[in-house]
Amino acid sequence: MMDPLTLAVIQAGLQQVCNEMDIAFSRAAFSPVIAEAEDRSDGIYGAADGALIAQGELGLPVFVGAMTHSAAHLTRLVAEGAIAAPEPGDIYVVNDPYLGGTHLMDVRFAKPVFVEGSLFCWLQNTGHWPDIGGMVPGGFSAHATEVEQEGLRLPPVKLFKRGQLDREILAIIQSNIRVAEQRIGDIKAQAAALLVGETRLAEMITRHGATTLQAAIADIRALAAERMRAEIRRIPDGVYRSEAFVDSDGVVDAPLRIALTLTKRDDRLVFDLSGSSPPCRGPMNSVWSTTCSAVYLAMKHVFPDVPINAGTFEPLEVMRPEGTFLDARYPRPVSGCAAEVSQRVAEAVFLALAQAIPGALWAAPAGTSGNFALGGHDPARGAGYVMYQITGGGYGGTAEADGLTNGCSTIGISKTPPVEVMEQYFPILFRRFALREGSGGAGHRRGGFGVHYEVELLRGEARASFVMDHGRFGPPGVLGGGDGAANVVKLHRGGVTTIPLHLSKDQGLELAPGDRVEVLTPGGGGYGDPLARDPDLVARDVARGYYTAEEAARLWAVALRDGAVDAAATARLRAERAA
Amino acid sequence: MAMARILAGIDVGGTFTDLLLQDADGGVRIAKVPTTSPNQADGVLAAIEAAGATADTIELIVHGTTATTNAVLERKLARVGLVTTQGFRDVLELGRRTRPQPYGLKGSFEPLVPRELRREVAERMDASGRVVTPLDEAAVMREVQALLDAGCEALVIHFLHAYANPAHERRAGEIARAIWPNGYVTLGHELLSEFREYERGTTATVNAAVQPVLDRYLQRLQEKLAARGHPRDLLVMNGNGGTMPARLVAREAAKTVMSGPASGVIAAAATLAQTGLSNAVTYDMGGTSTDVALIAGGVPEVSAELSIAYGLPIHLPMVDVRTVGAGGGSIAGLDAAAMLRVGPESAGSMPGPICYGRGGTRPTITDANLVLGRLDPARLLAVRDAVPMQRIRDAFARDIGDPLGLGVEQAAEAAIRLANVHMTGAIRMVSLSRGHDPRDFVLFAFGGAGPLHAVALAREIGIPEVLVPARPGLTNALGCLVADLRQDLVNTLNRGLDELPEEDIAATLRGQRERGIAVIRAGGAEVEEVTVLHAAEMQFRGQTHLLRVALPRHDVTRAEIQAAFEAAYLAGFQVRLPEIRAVLVNLNTSVIGRRRRLDLSTLLGTGGRQEEARIGERPLFADGAWHRADVWQREALPRGARIAGPAIINQADATTILEPGSEAVVDQIGNLRIRVTA
């Protein structure tokens, strides 16, 4: 092993290279999805096998470990001679979900880095493009049944050849996506970020030497594996089972089950998802690479201090769940995998680990990206538009605290746009944007609250689409805690209120001026026995209007009089409930 | 009067209250006394006394206070009530769907106003400022009364789209002010006329919550000063790097939050200007954190998107100081895989580093500096008893040296090296990665620990020169002395540039200028010259981030604005986007009342012969070996003195380390200019 200071300095340096790529990408990116929502990621990958060397800390969580799969496919295809070999200045573009991807909107760029003529490593980044063609603007179809309906699929091809942008490939891409003229801004930013990485990496190579750097990379990988093993050893040996449900695939109205058997022995964790539902017709399939990174992402949430590289994942054995919807093959549609299914996989991991190390975990979070898209024509501006509203939900309670209210999706870090901005850009009026009362699951520590909003269409015609989840079952509580409230979508059209057939997923629902869409997002699950909750906190929550007095009595066995705890009556209620 | 002025800059920091006093003859007196809590006024008076001055002889006191910062961080705030648009009372609690950390689904957030004190009234504007629902005035009266009855001391009125049309907020404000027993009524749009309801509402709420706190503190301080014969109004530092008269400042109290770090940067800018430099990264390292800012072209970068804590954005223009969670208290050790690490854990000030003798047992960066002879155990300001050097050495051996097979010195040096690498990364992220070349900058090092690490750090970043100002430990107090009066005004237009009438732009900027000048003039403080700066914040249609573009005049043409925006975009992002429409989001005006320039060369004596400034020598561990380093007394060094590293330069308020291979020169105004070799 190399001297410890050099190792630590090189590890910090590689991390810094990735962080600066992250910054360069979002600073220069045109589309808000990347520039503000930071739906992108950057990393360094091994020359021979695409193994993860370092990854930016500012990237979207869903990409933890994700690009290592596409880098592995890329190196394999190059080795097989299936695609042209890399040369200095090249950048490959790829978004094929079945070649280590996620959904089609996540477009990867891969740039080879050479030292003295031989391939040293790959720099790679992913950006979520606002559109990639397909049957619905934005790509989140609720009804697609094959991947061709979801948009343009790119195998690895050289978009830049020896530093020059290939105008012909660009033309093909631009002819197949919406708002194509704005994409050039994102393409330049995505390529520029890799260039920043290459420059900074070259400085490191000059300073430490390529040989030292490669040796350090191997040591750092071994240390990360050791670090993860040390965390795993704290988990009691055993077999932990959990399940999570996707409401439906958007086409067939039946829940999809994720069944996880988690086996902990010594310093290894084995994730067996083989009991999960078979592949589905609609777009809620997940490709193997996304399923895998959903497990990694969950582990990173549980052990946030562990650095991310290939070593981190060595002690985690994710068994490939062949024949299930978590290992979808061509041409199964997959547009829901990164935004929704991955969050259910992570939830299953949380629920299994909550049995093993309850003090470190939480009850289930809302776990949906809450996509509501509205596409229409605004007669006042004489132009079409596509609007996205994303919303958070409650987080689960923890051993220490109640869950966070309106937290971001498990896989994301992006903020919701302000109401004042949405109303500037689109012909809508929010009638409310409020905390969803009563939505946090009961518990010793209750879940956080979801959001309750209502949007009215002001002019023109429009179509609404939804890709959300947890509409059938709320996020589960743990250790005796209650479930958070389930997601609810309501359409108020011409005085009639309807609920989508698939509860949380639908598309193309027509709206006329005055019609309203009402969404109630999930609350987080409760943690621990509600009867253990301090009655004064229950009274405080009632005073704030989070719950009614009736809920205080029913869920927590707390009796209130004039807003204050009636101690005697509460003791009686709790004794009855405990009996 | 102008001839016989005595000016005092007094900065209250977390640990010390610093005073820098300029006598009528240009001489300087300084004082450093412990900060008093909860009442900082006692420390301020003690500082004046410690400097050998009396309040009645001081003409003008410029004051930087952390009263509001601490109030927010410790949540020792006034009870605030909110009246807001029906359907939107939870905006302040919901935020914008975030979590405190990217990884780990934990953490909590309590809004500054609990839900039962957030009341709704029927009213609604649309995005263009048209009334959708008229204001229910009876409801306003009812809810304001209810909040009074609930014991609220301050009130916020915050309506949707009030930046586009403030009529409802104004009317509700009239109704409320008629019955509210004090002046603590904040209208959302008055403080910040900018879209984004959560950020504007939170900014207004922070303002209301600290208003009574600041008001009471300043009143107490003014009364005590008046009792000692200083009858005049103070000037108070703001986060924008300017000052405001005390009697006006409470109205916009939120502007004083984060003013401490800003004053350091203002001092740096003034120092650079008198040194003939224009680009610097400022580096203020303290015990638990480090503040970093960028000065490019002589002007500190300003941001209106800072947050004081998770969930608490304050969207007022402020000097863009970024805080890095690494300081002298950062803990060094090994992780579970025996990998060396420094931070993010910190010993803080309690228990603090081992050397504080307050029960700390884990080695920190400050402790490492002692082991390596970089800090003199006899000269630690925060320590009263003898420094337990053997305990510190044992801790480095136990936690790092023995497991890794390193000697104590090597272990301590490794900790400092790694800390510098992390610090370098953090500094690059917040400053240079925004498109600047480090070779064009100097590292402006101040604070207690800045000059200790600056040379090694500059080498790591690739910055060729370190500048240590005359009084590095009193930089914030100096910022108070040199700061101008300043008012920043913002209005949101958020329309395509091509559809905005030029006369609307000119009218908005003219209005801002008039309002700003009126406030500056009303201050009563002597102002030599008023400068007005206009700027636009712009974006391409479809984007969300804003780019600030300076405008030459108020009656600027659209073509000029378009050209300036395109140039700024190209400079910032190396991209031209001629096919996409530009949107003018905000118009900004800064009105600056320039105060008399302070001659900074008076801050340090001019010294005698260089040899006389050498006060001894000490072993210094650097680059893996012990060196014999000369120890110099900074105050005794003459202008033009040259010192080659390795060397240690002591002064009352800081220690500067010259690493081997570096060389320092004392310049004409007393700065140490240190050339760093790679």
# chains A, B, ... in the order shown; residues from 1 in each chain; ligands from 1

call {"tool": "select_by_dssp", "arguments": {"residues": "segment 170-242 of chain B", "states": "strand (DSSP E or B)", "output": "list in words"}}
result
Val185, Thr186, Leu187, Ser193, Leu235, Val236 and Met237 of chain B

call {"tool": "interface_residues", "arguments": {"of": "chain A", "to": "chain B", "cutoff": "7 Å", "atoms": "only C-alpha atoms", "output": "NGL selection string"}}
result
:A and (4-5 or 8-9 or 12 or 16 or 20 or 28 or 30-32 or 36 or 223 or 226-227 or 230 or 300-302 or 304 or 391-392 or 403-408 or 413 or 415-416 or 418 or 420-421 or 423-424 or 431-435 or 543-544)

call {"tool": "atom_distance", "arguments": {"atom1": "atom CA of Phe426 of chain A", "atom2": "atom CA of Leu493 of chain B"}}
result
16.4 Å

call {"tool": "closest_residue", "arguments": {"among": "A:Val451, A:Arg281, A:Pro236, A:Gly471", "to": "Ile357 of chain A", "atoms": "only C-alpha atoms"}}
result
A:Pro236

call {"tool": "residues_around", "arguments": {"residues": "Ile258 of chain A", "least_positions_apart": "3", "cutoff": "12 Å", "atoms": "only C-alpha atoms", "output": "PyMOL selection string"}}
result
chain A and resi 241-248+255+261+271-279+284-286+291+321+324-327+341-349+351

call {"tool": "write_last_selection", "arguments": {"atoms": "C-alpha atoms", "output": "PDB file, in the first residue's frame"}}
result
ATOM      1  CA  ARG A 241     -37.130  -9.742   4.053  1.00  0.00           C
ATOM      2  CA  SER A 242     -39.094  -6.778   2.774  1.00  0.00           C
ATOM      3  CA  GLU A 243     -41.387  -5.847  -0.042  1.00  0.00           C
ATOM      4  CA  ALA A 244     -42.489  -2.716  -1.849  1.00  0.00           C
ATOM      5  CA  PHE A 245     -45.162  -2.129  -4.476  1.00  0.00           C
ATOM      6  CA  VAL A 246     -45.344  -0.019  -7.591  1.00  0.00           C
ATOM      7  CA  ASP A 247     -49.017   0.976  -8.031  1.00  0.00           C
ATOM      8  CA  SER A 248     -49.209  -0.410 -11.571  1.00  0.00           C
ATOM      9  CA  PRO A 255     -49.516  -3.747  -8.516  1.00  0.00           C
ATOM     10  CA  THR A 261     -34.338 -10.971   0.645  1.00  0.00           C
ATOM     11  CA  PHE A 271     -29.521  -8.608  -2.247  1.00  0.00           C
ATOM     12  CA  ASP A 272     -31.884 -11.151  -3.770  1.00  0.00           C
ATOM     13  CA  LEU A 273     -34.778  -9.599  -5.722  1.00  0.00           C
ATOM     14  CA  SER A 274     -35.711 -12.767  -7.597  1.00  0.00           C
ATOM     15  CA  GLY A 275     -39.191 -13.036  -6.099  1.00  0.00           C
ATOM     16  CA  SER A 276     -40.289  -9.788  -7.735  1.00  0.00           C
ATOM     17  CA  SER A 277     -43.035  -9.493 -10.389  1.00  0.00           C
ATOM     18  CA  PRO A 278     -42.318 -10.524 -13.988  1.00  0.00           C
ATOM     19  CA  PRO A 279     -41.662  -7.896 -16.686  1.00  0.00           C
ATOM     20  CA  MET A 284     -42.446   0.608 -15.178  1.00  0.00           C
ATOM     21  CA  ASN A 285     -39.750  -1.900 -16.056  1.00  0.00           C
ATOM     22  CA  SER A 286     -36.271  -1.352 -14.775  1.00  0.00           C
ATOM     23  CA  THR A 291     -31.898  -1.708 -10.394  1.00  0.00           C
ATOM     24  CA  PRO A 321     -33.106 -10.786 -10.847  1.00  0.00           C
ATOM     25  CA  THR A 324     -38.462 -10.036 -13.266  1.00  0.00           C
ATOM     26  CA  PHE A 325     -39.457  -6.462 -14.139  1.00  0.00           C
ATOM     27  CA  LEU A 326     -36.243  -5.360 -12.429  1.00  0.00           C
ATOM     28  CA  ASP A 327     -34.124  -6.867 -15.212  1.00  0.00           C
ATOM     29  CA  VAL A 341     -39.161   2.059  -9.748  1.00  0.00           C
ATOM     30  CA  SER A 342     -35.698   2.869  -8.423  1.00  0.00           C
ATOM     31  CA  GLN A 343     -37.323   4.573  -5.437  1.00  0.00           C
ATOM     32  CA  ARG A 344     -39.369   1.450  -4.661  1.00  0.00           C
ATOM     33  CA  VAL A 345     -36.207  -0.670  -4.813  1.00  0.00           C
ATOM     34  CA  ALA A 346     -34.519   1.744  -2.416  1.00  0.00           C
ATOM     35  CA  GLU A 347     -37.581   1.576  -0.169  1.00  0.00           C
ATOM     36  CA  ALA A 348     -37.306  -2.217  -0.005  1.00  0.00           C
ATOM     37  CA  VAL A 349     -33.662  -1.824   1.038  1.00  0.00           C
ATOM     38  CA  LEU A 351     -37.380  -1.517   5.081  1.00  0.00           C
TER      39      LEU A 351
END

call {"tool": "atom_distance", "arguments": {"atom1": "atom CA of Ile217 of chain A", "atom2": "atom CA of Asn309 of chain A"}}
result
9.5 Å

call {"tool": "select_by_dssp", "arguments": {"residues": "segment 333-531 of chain A", "states": "helix (DSSP H, G or I)", "output": "PyMOL selection string"}}
result
chain A and resi 337-356+358-360+419-425+530-531

call {"tool": "residues_around", "arguments": {"residues": "Gly250 of chain A", "least_positions_apart": "4", "cutoff": "9 Å", "atoms": "only C-alpha atoms", "output": "list of chain:residue names"}}
result
A:Ser141, A:Ala142, A:His143, A:Ala144, A:Ala254, A:Arg281, A:Gly282, A:Pro283, A:Met284, A:Val467, A:Leu501, A:His502, A:Ser504, A:Lys505, A:Asp506

call {"tool": "residues_around", "arguments": {"residues": "Gly117 of chain A", "least_positions_apart": "3", "cutoff": "10 Å", "atoms": "only C-alpha atoms", "output": "list in words"}}
result
Glu87, Pro88, Val113, Phe114 and Phe120 of chain A

call {"tool": "write_last_selection", "arguments": {"atoms": "N, CA and C atoms", "output": "short mmCIF file (atom, residue, chain, number, x, y, z; two decimals), in the first residue's frame"}}
result
data_model
loop_
_atom_site.label_atom_id
_atom_site.label_comp_id
_atom_site.auth_asym_id
_atom_site.auth_seq_id
_atom_site.Cartn_x
_atom_site.Cartn_y
_atom_site.Cartn_z
N GLU A 87 -10.08 7.50 -29.84
CA GLU A 87 -8.90 8.28 -30.17
C GLU A 87 -8.96 9.57 -29.36
N PRO A 88 -7.81 10.20 -29.17
CA PRO A 88 -7.82 11.44 -28.38
C PRO A 88 -8.82 12.45 -28.96
N VAL A 113 -9.33 9.25 -21.98
CA VAL A 113 -8.18 10.07 -21.60
C VAL A 113 -6.92 9.25 -21.88
N PHE A 114 -6.02 9.84 -22.64
CA PHE A 114 -4.79 9.12 -23.02
C PHE A 114 -3.58 9.72 -22.31
N PHE A 120 -5.74 5.86 -20.52
CA PHE A 120 -5.51 5.91 -19.07
C PHE A 120 -6.81 5.66 -18.31
#

call {"tool": "atom_distance", "arguments": {"atom1": "atom CA of Arg178 of chain A", "atom2": "atom CA of Lys158 of chain A"}}
result
22.0 Å

call {"tool": "residues_around", "arguments": {"residues": "segment 28-31 of chain B", "least_positions_apart": "4", "cutoff": "10 Å", "atoms": "only C-alpha atoms", "output": "ChimeraX atom specification"}}
result
/B:6-10,16-24,46-53,471,474,477,600,602-605,653

call {"tool": "residues_around", "arguments": {"residues": "Arg391 of chain B", "least_positions_apart": "3", "cutoff": "10 Å", "atoms": "only C-alpha atoms", "output": "count of residues only"}}
result
12

call {"tool": "closest_residue", "arguments": {"among": "B:Ala386, B:Asn369, B:Asp484, B:Met318", "to": "Leu598 of chain B", "atoms": "only C-alpha atoms"}}
result
B:Asp484

call {"tool": "closest_residue", "arguments": {"among": "A:Gln190, A:Thr290, A:Thr211, A:Thr263", "to": "Glu116 of chain A", "atoms": "only C-alpha atoms"}}
result
A:Thr211

call {"tool": "decode", "arguments": {"residues": "segment 248-275 of chain A", "atoms": "N, CA and C atoms", "output": "PDB file, in the first residue's frame"}}
result
ATOM      1  N   SER A 248     -48.876   0.353 -10.371  1.00  0.00           N
ATOM      2  CA  SER A 248     -49.209  -0.410 -11.571  1.00  0.00           C
ATOM      3  C   SER A 248     -48.204  -0.001 -12.624  1.00  0.00           C
ATOM      4  N   ASP A 249     -48.248  -0.639 -13.769  1.00  0.00           N
ATOM      5  CA  ASP A 249     -47.297  -0.266 -14.821  1.00  0.00           C
ATOM      6  C   ASP A 249     -47.850   0.822 -15.733  1.00  0.00           C
ATOM      7  N   GLY A 250     -49.074   1.302 -15.441  1.00  0.00           N
ATOM      8  CA  GLY A 250     -49.675   2.339 -16.272  1.00  0.00           C
ATOM      9  C   GLY A 250     -50.526   1.761 -17.394  1.00  0.00           C
ATOM     10  N   VAL A 251     -50.386   0.483 -17.672  1.00  0.00           N
ATOM     11  CA  VAL A 251     -51.144  -0.157 -18.746  1.00  0.00           C
ATOM     12  C   VAL A 251     -52.074  -1.226 -18.169  1.00  0.00           C
ATOM     13  N   VAL A 252     -51.518  -2.109 -17.361  1.00  0.00           N
ATOM     14  CA  VAL A 252     -52.310  -3.146 -16.696  1.00  0.00           C
ATOM     15  C   VAL A 252     -52.499  -2.725 -15.242  1.00  0.00           C
ATOM     16  N   ASP A 253     -53.759  -2.675 -14.791  1.00  0.00           N
ATOM     17  CA  ASP A 253     -54.030  -2.118 -13.466  1.00  0.00           C
ATOM     18  C   ASP A 253     -53.818  -3.161 -12.369  1.00  0.00           C
ATOM     19  N   ALA A 254     -52.598  -3.486 -12.114  1.00  0.00           N
ATOM     20  CA  ALA A 254     -52.276  -4.419 -11.032  1.00  0.00           C
ATOM     21  C   ALA A 254     -50.942  -4.007 -10.439  1.00  0.00           C
ATOM     22  N   PRO A 255     -50.776  -4.171  -9.125  1.00  0.00           N
ATOM     23  CA  PRO A 255     -49.516  -3.747  -8.516  1.00  0.00           C
ATOM     24  C   PRO A 255     -48.343  -4.627  -8.927  1.00  0.00           C
ATOM     25  N   LEU A 256     -47.175  -4.002  -8.980  1.00  0.00           N
ATOM     26  CA  LEU A 256     -45.932  -4.730  -9.241  1.00  0.00           C
ATOM     27  C   LEU A 256     -45.209  -4.875  -7.915  1.00  0.00           C
ATOM     28  N   ARG A 257     -44.786  -6.099  -7.635  1.00  0.00           N
ATOM     29  CA  ARG A 257     -44.193  -6.363  -6.331  1.00  0.00           C
ATOM     30  C   ARG A 257     -42.677  -6.443  -6.439  1.00  0.00           C
ATOM     31  N   ILE A 258     -42.034  -5.772  -5.505  1.00  0.00           N
ATOM     32  CA  ILE A 258     -40.587  -5.923  -5.352  1.00  0.00           C
ATOM     33  C   ILE A 258     -40.382  -6.732  -4.083  1.00  0.00           C
ATOM     34  N   ALA A 259     -39.765  -7.880  -4.201  1.00  0.00           N
ATOM     35  CA  ALA A 259     -39.525  -8.719  -3.031  1.00  0.00           C
ATOM     36  C   ALA A 259     -38.027  -8.790  -2.806  1.00  0.00           C
ATOM     37  N   LEU A 260     -37.599  -8.369  -1.644  1.00  0.00           N
ATOM     38  CA  LEU A 260     -36.164  -8.358  -1.348  1.00  0.00           C
ATOM     39  C   LEU A 260     -35.860  -9.320  -0.206  1.00  0.00           C
ATOM     40  N   THR A 261     -34.903 -10.184  -0.440  1.00  0.00           N
ATOM     41  CA  THR A 261     -34.338 -10.971   0.645  1.00  0.00           C
ATOM     42  C   THR A 261     -32.902 -10.508   0.816  1.00  0.00           C
ATOM     43  N   LEU A 262     -32.640  -9.933   1.969  1.00  0.00           N
ATOM     44  CA  LEU A 262     -31.324  -9.368   2.241  1.00  0.00           C
ATOM     45  C   LEU A 262     -30.619 -10.280   3.236  1.00  0.00           C
ATOM     46  N   THR A 263     -29.493 -10.813   2.812  1.00  0.00           N
ATOM     47  CA  THR A 263     -28.759 -11.712   3.697  1.00  0.00           C
ATOM     48  C   THR A 263     -27.462 -11.056   4.110  1.00  0.00           C
ATOM     49  N   LYS A 264     -27.268 -10.973   5.413  1.00  0.00           N
ATOM     50  CA  LYS A 264     -26.032 -10.396   5.947  1.00  0.00           C
ATOM     51  C   LYS A 264     -25.229 -11.520   6.601  1.00  0.00           C
ATOM     52  N   ARG A 265     -24.009 -11.730   6.135  1.00  0.00           N
ATOM     53  CA  ARG A 265     -23.122 -12.646   6.838  1.00  0.00           C
ATOM     54  C   ARG A 265     -21.729 -12.045   6.844  1.00  0.00           C
ATOM     55  N   ASP A 266     -21.134 -11.958   8.021  1.00  0.00           N
ATOM     56  CA  ASP A 266     -19.788 -11.398   8.200  1.00  0.00           C
ATOM     57  C   ASP A 266     -19.715  -9.991   7.610  1.00  0.00           C
ATOM     58  N   ASP A 267     -18.976  -9.843   6.505  1.00  0.00           N
ATOM     59  CA  ASP A 267     -18.846  -8.496   5.950  1.00  0.00           C
ATOM     60  C   ASP A 267     -19.431  -8.415   4.547  1.00  0.00           C
ATOM     61  N   ARG A 268     -20.452  -9.244   4.276  1.00  0.00           N
ATOM     62  CA  ARG A 268     -21.083  -9.179   2.963  1.00  0.00           C
ATOM     63  C   ARG A 268     -22.583  -9.001   3.106  1.00  0.00           C
ATOM     64  N   LEU A 269     -23.144  -8.329   2.106  1.00  0.00           N
ATOM     65  CA  LEU A 269     -24.599  -8.198   2.017  1.00  0.00           C
ATOM     66  C   LEU A 269     -25.015  -8.747   0.660  1.00  0.00           C
ATOM     67  N   VAL A 270     -25.992  -9.641   0.671  1.00  0.00           N
ATOM     68  CA  VAL A 270     -26.497 -10.190  -0.587  1.00  0.00           C
ATOM     69  C   VAL A 270     -27.936  -9.728  -0.780  1.00  0.00           C
ATOM     70  N   PHE A 271     -28.192  -9.122  -1.929  1.00  0.00           N
ATOM     71  CA  PHE A 271     -29.521  -8.608  -2.247  1.00  0.00           C
ATOM     72  C   PHE A 271     -30.168  -9.524  -3.281  1.00  0.00           C
ATOM     73  N   ASP A 272     -31.204 -10.232  -2.870  1.00  0.00           N
ATOM     74  CA  ASP A 272     -31.884 -11.151  -3.770  1.00  0.00           C
ATOM     75  C   ASP A 272     -33.276 -10.595  -4.063  1.00  0.00           C
ATOM     76  N   LEU A 273     -33.496 -10.191  -5.313  1.00  0.00           N
ATOM     77  CA  LEU A 273     -34.778  -9.599  -5.722  1.00  0.00           C
ATOM     78  C   LEU A 273     -35.570 -10.563  -6.598  1.00  0.00           C
ATOM     79  N   SER A 274     -35.178 -11.845  -6.591  1.00  0.00           N
ATOM     80  CA  SER A 274     -35.711 -12.767  -7.597  1.00  0.00           C
ATOM     81  C   SER A 274     -37.197 -13.059  -7.428  1.00  0.00           C
ATOM     82  N   GLY A 275     -37.761 -12.776  -6.266  1.00  0.00           N
ATOM     83  CA  GLY A 275     -39.191 -13.036  -6.099  1.00  0.00           C
ATOM     84  C   GLY A 275     -40.073 -11.908  -6.599  1.00  0.00           C
TER      85      GLY A 275
END
